[in-house]
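Novice: Following this message is one structure expressed as structure tokens.
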Amino acid sequence: MLQVARLAPNLLQESADRVAEYLGSQFNEDGGARDRSGKSDLYYTVFALDGLIALRREPPADRVRPYLESFGDGEGLDLVHLACLARCRAALNAPTLPGLSERVGRETGPSVYHQFISAGAIEDLGGTPALAPDAILKHQSPDGSFGGTTPTTAGAVTALHHLGGEVPPAAVDWLLARVRPEGGFAAVPDAPMPDLLSTATALHALAAAHAPTGAIREKTLDFVDSLWTGSAFCGTWADEAPDCEYTFYGLLALGHLSLA
């Protein structure tokens with residue numbers, strides 16, 4: 001994702017500086033990046049750090065490290081925040097904590113989402129996930145999706161590609177069917193509008209599956225542009241407040257659209 005997000009300035013041009021300024025402004029005094037309510041959160045810190053790295057800017061490592069250290073080896077964190085702690089530490093090249101690796105290894109779950117999150121965290125911690133393509137494929141629904149949503153299906157397709165497994169054509173078709181006439185991808189078949197998370201992750205998965213997206217490039221680009229605030233990105237047309245997460249997904253989407 002970082003490799004592709006680094007291409008976003010090809011379309012952002014001089015606006016890339018404004019995005020970097022926005023992401024840099026999202027860090028609180030304690031070193032964490034703020035969530036939608038303004039509180040520091042590991043989840044949003046991931047996107048602020050990775051967004052700055054994608055834009056080839058130095059993250060405020062000296063400020064962020066004490067915030068990360070306050071979580072120790074992740075005792076008491078759920079899987080998502082354990083994975084975020086692992087990703088943040090990897091982004092700052094912090095030493096691997098054996099205790100954190102053990103906790104992530106114990107946090108297995110029955111869903112594709114759990115598998116995707118834990119596998120990424122294990123790799124961020126320098127390990128090799130014990131995940132086989134068959135463990136993902138068994139979760140595919142008869143309609144071709146995984147979990148019935150675009151982000152989960154995109155995660156499954158991306159993971160299968162990463163593991164060297166065969167991506168089911170039905171999953172690709174399901175993702176392509178989520179393209180809306182007005183541009184962008186919807187999260188589920190009956191979603192009232194497209195959203196940036198679904199759009200970015202779908203583009204990422206379709207690229208991994210080598211599915212052509214040139215025909216939808218212009219409308220998708222128009223959709224992403226409609227969420228641009230001048231310095232960051234919102235998640236949907238109904239959302240007036242940008243944040244670190246959606247701004248990173250904006251970079252990811254633009255990176256892919258610069259290649260389509």
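Following the order of the structure tokens, chains are lettered A, B, ..., residues in each are numbered from 1, and ligands are numbered from 1.
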Set the distance at 9 Å and use only C-alpha atoms: which residues neighbour Ala187 in chain A once local chain neighbours fewer than 2 positions away are removed? I'd like the list as a list in words.

Specialist: Gly148, Thr149, Thr150, Pro151, Arg178, Phe185, Pro189, Asp190, Ala191, Met193, Pro194, Asp195, Leu197, Ser198 and Thr199 of chain A

Novice: Residues as selected, N, CA and C atoms, written as a PDB file, in the first residue's frame, can you do that?

Specialist:
ATOM      1  N   GLY A 148     -19.268 -10.382   2.553  1.00  0.00           N
ATOM      2  CA  GLY A 148     -20.336  -9.549   2.028  1.00  0.00           C
ATOM      3  C   GLY A 148     -20.034  -8.080   1.922  1.00  0.00           C
ATOM      4  N   THR A 149     -18.782  -7.663   2.166  1.00  0.00           N
ATOM      5  CA  THR A 149     -18.428  -6.246   2.069  1.00  0.00           C
ATOM      6  C   THR A 149     -17.226  -6.059   1.154  1.00  0.00           C
ATOM      7  N   THR A 150     -17.119  -4.864   0.607  1.00  0.00           N
ATOM      8  CA  THR A 150     -16.004  -4.562  -0.285  1.00  0.00           C
ATOM      9  C   THR A 150     -14.662  -4.579   0.434  1.00  0.00           C
ATOM     10  N   PRO A 151     -14.499  -3.914   1.602  1.00  0.00           N
ATOM     11  CA  PRO A 151     -13.189  -3.947   2.265  1.00  0.00           C
ATOM     12  C   PRO A 151     -12.728  -5.362   2.634  1.00  0.00           C
ATOM     13  N   ARG A 178     -19.427  -3.508  -7.581  1.00  0.00           N
ATOM     14  CA  ARG A 178     -19.659  -2.479  -6.553  1.00  0.00           C
ATOM     15  C   ARG A 178     -19.359  -1.071  -7.073  1.00  0.00           C
ATOM     16  N   PHE A 185     -16.629   3.104  -5.302  1.00  0.00           N
ATOM     17  CA  PHE A 185     -17.109   1.768  -4.976  1.00  0.00           C
ATOM     18  C   PHE A 185     -17.959   1.824  -3.714  1.00  0.00           C
ATOM     19  N   PRO A 189     -23.838  -4.125  -1.576  1.00  0.00           N
ATOM     20  CA  PRO A 189     -24.685  -3.905  -2.757  1.00  0.00           C
ATOM     21  C   PRO A 189     -25.742  -2.821  -2.590  1.00  0.00           C
ATOM     22  N   ASP A 190     -26.323  -2.688  -1.393  1.00  0.00           N
ATOM     23  CA  ASP A 190     -27.403  -1.727  -1.210  1.00  0.00           C
ATOM     24  C   ASP A 190     -26.964  -0.463  -0.471  1.00  0.00           C
ATOM     25  N   ALA A 191     -25.679  -0.166  -0.464  1.00  0.00           N
ATOM     26  CA  ALA A 191     -25.183   1.040   0.200  1.00  0.00           C
ATOM     27  C   ALA A 191     -25.775   2.278  -0.475  1.00  0.00           C
ATOM     28  N   MET A 193     -24.459   5.163  -0.913  1.00  0.00           N
ATOM     29  CA  MET A 193     -23.472   5.949  -1.663  1.00  0.00           C
ATOM     30  C   MET A 193     -22.121   5.247  -1.606  1.00  0.00           C
ATOM     31  N   PRO A 194     -21.216   5.574  -2.508  1.00  0.00           N
ATOM     32  CA  PRO A 194     -19.862   5.007  -2.446  1.00  0.00           C
ATOM     33  C   PRO A 194     -19.084   5.644  -1.305  1.00  0.00           C
ATOM     34  N   ASP A 195     -17.976   5.031  -0.936  1.00  0.00           N
ATOM     35  CA  ASP A 195     -17.130   5.598   0.111  1.00  0.00           C
ATOM     36  C   ASP A 195     -15.666   5.407  -0.261  1.00  0.00           C
ATOM     37  N   LEU A 197     -12.995   4.434   1.631  1.00  0.00           N
ATOM     38  CA  LEU A 197     -12.358   3.203   2.102  1.00  0.00           C
ATOM     39  C   LEU A 197     -12.592   2.069   1.116  1.00  0.00           C
ATOM     40  N   SER A 198     -13.860   1.872   0.739  1.00  0.00           N
ATOM     41  CA  SER A 198     -14.180   0.800  -0.209  1.00  0.00           C
ATOM     42  C   SER A 198     -13.506   1.033  -1.550  1.00  0.00           C
ATOM     43  N   THR A 199     -13.472   2.282  -1.981  1.00  0.00           N
ATOM     44  CA  THR A 199     -12.877   2.607  -3.282  1.00  0.00           C
ATOM     45  C   THR A 199     -11.383   2.315  -3.306  1.00  0.00           C
TER      46      THR A 199
END

Novice: With the cut-off set at 6 Å and counting only C-alpha atoms, tabulate each residue of range 98-151 of chain A with an atom at most that distance from an atom of range 160-175 of chain A, showing the nearest atom pair and its distance in Å to one decimal, ordered by chain and increasing number, as JSON lines.

Specialist:
{"residue": "A:Pro133", "atom": "CA", "partner": "A:Gly165", "partner_atom": "CA", "distance": 5.4}
{"residue": "A:Gly144", "atom": "CA", "partner": "A:Ala171", "partner_atom": "CA", "distance": 4.6}
{"residue": "A:Ser145", "atom": "CA", "partner": "A:Ala171", "partner_atom": "CA", "distance": 5.3}

Novice: Please save N, CA and C atoms of the selected residues as a short mmCIF file (atom, residue, chain, number, x, y, z; two decimals), in the first residue's frame.

Specialist:
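So again.cif came out as:
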data_model
loop_
_atom_site.label_atom_id
_atom_site.label_comp_id
_atom_site.auth_asym_id
_atom_site.auth_seq_id
_atom_site.Cartn_x
_atom_site.Cartn_y
_atom_site.Cartn_z
N PRO A 133 -3.54 -20.12 1.65
CA PRO A 133 -4.66 -19.64 0.84
C PRO A 133 -5.97 -20.36 1.14
N GLY A 144 -19.62 -14.83 -4.30
CA GLY A 144 -18.26 -14.47 -4.71
C GLY A 144 -17.53 -13.59 -3.73
N SER A 145 -18.26 -12.95 -2.80
CA SER A 145 -17.63 -12.03 -1.85
C SER A 145 -17.03 -12.78 -0.66
#

Novice: Could you check which of A:Val104, A:Val19, A:Leu254, A:Leu42 is closest to Glu75 in chain A, using only C-alpha atoms?

Specialist: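 Smallest distance to Glu75 in chain A is found for A:Val104.
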
Novice: Taking only C-alpha atoms into account, which of A:His210, A:Lys39, A:Lys219, A:Arg6 comes nearest Arg180 in chain A?

Specialist: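 Among the listed residues, A:Lys219 lies closest to Arg180 in chain A.
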
Novice: Quick one, how far is CA of Gly72 in chain A from CA of Glu21 in chain A?

Specialist: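 Going from CA of Gly72 in chain A over to CA of Glu21 in chain A covers 29.3 Å.
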
Novice: Within 9 Å of Thr201 in chain A, counting only C-alpha atoms, which residues qualify if same-chain residues fewer than 2 places away don't, as a PyMOL selection string?

Specialist: chain A and resi 150-152+154-155+158+196-199+203-206+249+252-253

Novice: Which residue out of A:Phe27, A:Tyr113, A:Phe248, A:Trp228 has the minimum interatomic distance to Asp62 in chain A when only C-alpha atoms are used?

Specialist: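 Of all the options, A:Phe27 lies closest to Asp62 in chain A.
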
Novice: Would you give me, as a list in words, the residues in range 130-188 of chain A that DSSP reads as strand (DSSP E or B)?

Specialist: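 The strand (DSSP E or B) residues within range 130-188 of chain A come out as Gln140, Phe146, Val179 and Phe185 of chain A.
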
Novice: Atoms to include: C-alpha atoms. Write the selected residues as a PDB file, in the first residue's frame.

Specialist:
ATOM      1  CA  GLN A 140     -15.865 -17.182   0.315  1.00  0.00           C
ATOM      2  CA  PHE A 146     -15.832 -12.540   1.429  1.00  0.00           C
ATOM      3  CA  VAL A 179     -18.671   0.358  -8.914  1.00  0.00           C
ATOM      4  CA  PHE A 185     -17.109   1.768  -4.976  1.00  0.00           C
TER       5      PHE A 185
END

Novice: So, with only C-alpha atoms as the atoms that count, which of A:Arg36, A:Asp30, A:Ala207, A:Gly76 lies closest to Pro60 in chain A?

Specialist: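 Using only C-alpha atoms, the shortest distance to Pro60 in chain A belongs to A:Asp30.
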